[in-house]
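Peer 1: Before anything else, here's the structure in question.
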Amino acid sequence: MDNRQALGSWLSGPRAAAEDMGIDFGYPGRRFGMPEQGPGSMARFGRRLGAIALDWIGCEVIAYGLITRGGDMNALANWTYVLFLALTLLTVGTVGFTPGKRIVGLRVLAEDGSRLGLGRVLLRTLLLALLVPALVRDKDGRGLHDRLARAVQVRI
């Protein structure tokens, strides 16, 4: 092996080195039978982050305008958090997406492509409330809250 090739694999990381050896990791969502790109494909991190940001900002505006009316900023943060969780539980449980997810073109489904049941939506929302499970991702890019609820976020 050439020294430059070894240095390149070291700089590229273990995944690139494994791919150079012929290991096929596939693409996110392959094991669920989803397409690689386009509608029905797994949602990427950037879209999911954008959806959460839109939902959070919307909840903050509602909390500021209707509940706290610009008063106590600690109450604003707490009410924003409560509204965000309620929004997530109600909208994902009924239509399969939050307003932010709808704007960026995402939907939450069960792994088999069916609608997510209320119990699994509740579990997903409670885990999302902890924040850490959403940051722990698997090879398909799903957060721990989605994995434990057996849910996937797909592009629509």
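Letters A, B, ... go to the chains of the structure tokens in the order shown; residues in each chain start at 1; ligands are counted from 1 in the same order.
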Using DSSP on the backbone, list every residue of stretch 74-128 of chain A that comes out as strand (DSSP E), and give them as an mmCIF file with N, CA and C atoms, in the first residue's frame.
Peer 2:
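Dumped to selection25.cif:
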data_model
loop_
_atom_site.group_PDB
_atom_site.id
_atom_site.type_symbol
_atom_site.label_atom_id
_atom_site.label_comp_id
_atom_site.auth_asym_id
_atom_site.auth_seq_id
_atom_site.Cartn_x
_atom_site.Cartn_y
_atom_site.Cartn_z
ATOM 1 N N LEU A 106 -41.868 17.410 5.384
ATOM 2 C CA LEU A 106 -41.602 16.161 6.106
ATOM 3 C C LEU A 106 -42.880 15.600 6.709
ATOM 4 N N ARG A 107 -42.873 14.290 6.948
ATOM 5 C CA ARG A 107 -43.982 13.618 7.618
ATOM 6 C C ARG A 107 -43.395 12.514 8.495
ATOM 7 N N VAL A 108 -44.040 12.255 9.638
ATOM 8 C CA VAL A 108 -43.625 11.194 10.546
ATOM 9 C C VAL A 108 -44.534 9.993 10.313
ATOM 10 N N LEU A 109 -43.918 8.833 10.067
ATOM 11 C CA LEU A 109 -44.647 7.593 9.821
ATOM 12 C C LEU A 109 -44.058 6.472 10.665
ATOM 13 N N ALA A 110 -44.793 5.377 10.766
ATOM 14 C CA ALA A 110 -44.247 4.165 11.368
ATOM 15 C C ALA A 110 -43.223 3.577 10.392
#
Peer 1: Counting only C-alpha atoms, what is within 12 Å of A:Thr94, bar same-chain residues fewer than 3 positions away, as a count of residues only?
Peer 2: 16
Peer 1: Residues of stretch 62-105 of chain A within 12 Å of stretch 131-151 of chain A: nearest atom pair and distance (Å, one decimal) for each, counting only C-alpha atoms, sorted by chain and number, as JSON lines?
Peer 2:
{"residue": "A:Tyr81", "atom": "CA", "partner": "A:Leu131", "partner_atom": "CA", "distance": 11.3}
{"residue": "A:Leu85", "atom": "CA", "partner": "A:Leu131", "partner_atom": "CA", "distance": 11.3}
{"residue": "A:Val92", "atom": "CA", "partner": "A:Ala151", "partner_atom": "CA", "distance": 11.1}
{"residue": "A:Gly96", "atom": "CA", "partner": "A:Ala151", "partner_atom": "CA", "distance": 10.8}
Peer 1: Could you tell me how far atom CA of A:Leu128 lies from atom CA of A:Phe84, in Å and to one decimal?
Peer 2: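 Between atom CA of A:Leu128 and atom CA of A:Phe84 the gap works out to 10.3 Å.
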Peer 1: Set the distance at 6 Å and use only C-alpha atoms: which residues neighbour stretch 30-47 of chain A once local chain neighbours fewer than 2 positions away are removed? I'd like the list as a PyMOL selection string.
Peer 2: chain A and resi 27-28+49-50+153-156
Peer 1: Contacts of A:Tyr64 at 10 Å or less, counting only C-alpha atoms, minus same-chain residues fewer than 6 places along, as number ranges by chain?
Peer 2: A: 58, 70-73, 75-77, 79-80
Peer 1: Take the residues from that selection and write them out as a compact mmCIF listing (two decimals), in the first residue's frame, keeping all heavy atoms.
Peer 2:
# COMPACT_ATOMS: atom_id res chain seq x y z
N GLY A 58 -42.51 29.50 16.21
CA GLY A 58 -43.96 29.69 16.24
C GLY A 58 -44.52 29.60 17.65
O GLY A 58 -45.35 30.42 18.07
N GLY A 70 -44.98 39.57 26.99
CA GLY A 70 -43.72 40.28 27.11
C GLY A 70 -43.24 40.47 28.54
O GLY A 70 -42.28 41.15 28.77
N GLY A 71 -43.87 39.82 29.48
CA GLY A 71 -43.50 39.98 30.89
C GLY A 71 -42.30 39.12 31.27
O GLY A 71 -41.19 39.34 30.79
N ASP A 72 -42.52 38.17 32.10
CA ASP A 72 -41.48 37.31 32.66
C ASP A 72 -40.86 36.41 31.59
O ASP A 72 -41.54 35.60 30.97
CB ASP A 72 -42.11 36.45 33.77
CG ASP A 72 -41.09 35.59 34.49
OD1 ASP A 72 -39.88 35.82 34.34
OD2 ASP A 72 -41.53 34.68 35.22
N MET A 73 -39.56 36.58 31.37
CA MET A 73 -38.88 35.80 30.33
C MET A 73 -38.70 34.34 30.73
O MET A 73 -38.64 33.47 29.86
CB MET A 73 -37.52 36.42 30.00
CG MET A 73 -37.68 37.72 29.26
SD MET A 73 -38.87 37.53 27.92
CE MET A 73 -38.11 38.43 26.67
N ALA A 75 -40.98 32.64 32.34
CA ALA A 75 -42.29 32.08 32.00
C ALA A 75 -42.39 31.90 30.49
O ALA A 75 -42.99 30.92 30.02
CB ALA A 75 -43.40 32.99 32.51
N LEU A 76 -41.82 32.81 29.72
CA LEU A 76 -41.84 32.69 28.26
C LEU A 76 -41.16 31.40 27.82
O LEU A 76 -41.70 30.65 27.00
CB LEU A 76 -41.15 33.90 27.61
CG LEU A 76 -41.00 33.83 26.09
CD1 LEU A 76 -42.36 33.87 25.41
CD2 LEU A 76 -40.12 34.96 25.60
N ALA A 77 -39.99 31.11 28.36
CA ALA A 77 -39.26 29.89 28.00
C ALA A 77 -40.05 28.65 28.39
O ALA A 77 -40.16 27.69 27.61
CB ALA A 77 -37.89 29.88 28.66
N TRP A 79 -43.37 28.35 28.90
CA TRP A 79 -44.58 28.22 28.09
C TRP A 79 -44.26 27.82 26.66
O TRP A 79 -45.00 27.06 26.03
CB TRP A 79 -45.40 29.51 28.12
CG TRP A 79 -46.26 29.58 29.34
CD1 TRP A 79 -46.10 30.40 30.41
CD2 TRP A 79 -47.41 28.77 29.61
NE1 TRP A 79 -47.08 30.15 31.34
CE2 TRP A 79 -47.90 29.16 30.87
CE3 TRP A 79 -48.07 27.77 28.92
CZ2 TRP A 79 -49.02 28.58 31.45
CZ3 TRP A 79 -49.18 27.18 29.49
CH2 TRP A 79 -49.65 27.58 30.75
N THR A 80 -43.15 28.31 26.13
CA THR A 80 -42.73 27.91 24.78
C THR A 80 -42.48 26.41 24.74
O THR A 80 -42.92 25.72 23.82
CB THR A 80 -41.47 28.67 24.34
OG1 THR A 80 -41.73 30.07 24.37
CG2 THR A 80 -41.01 28.26 22.96
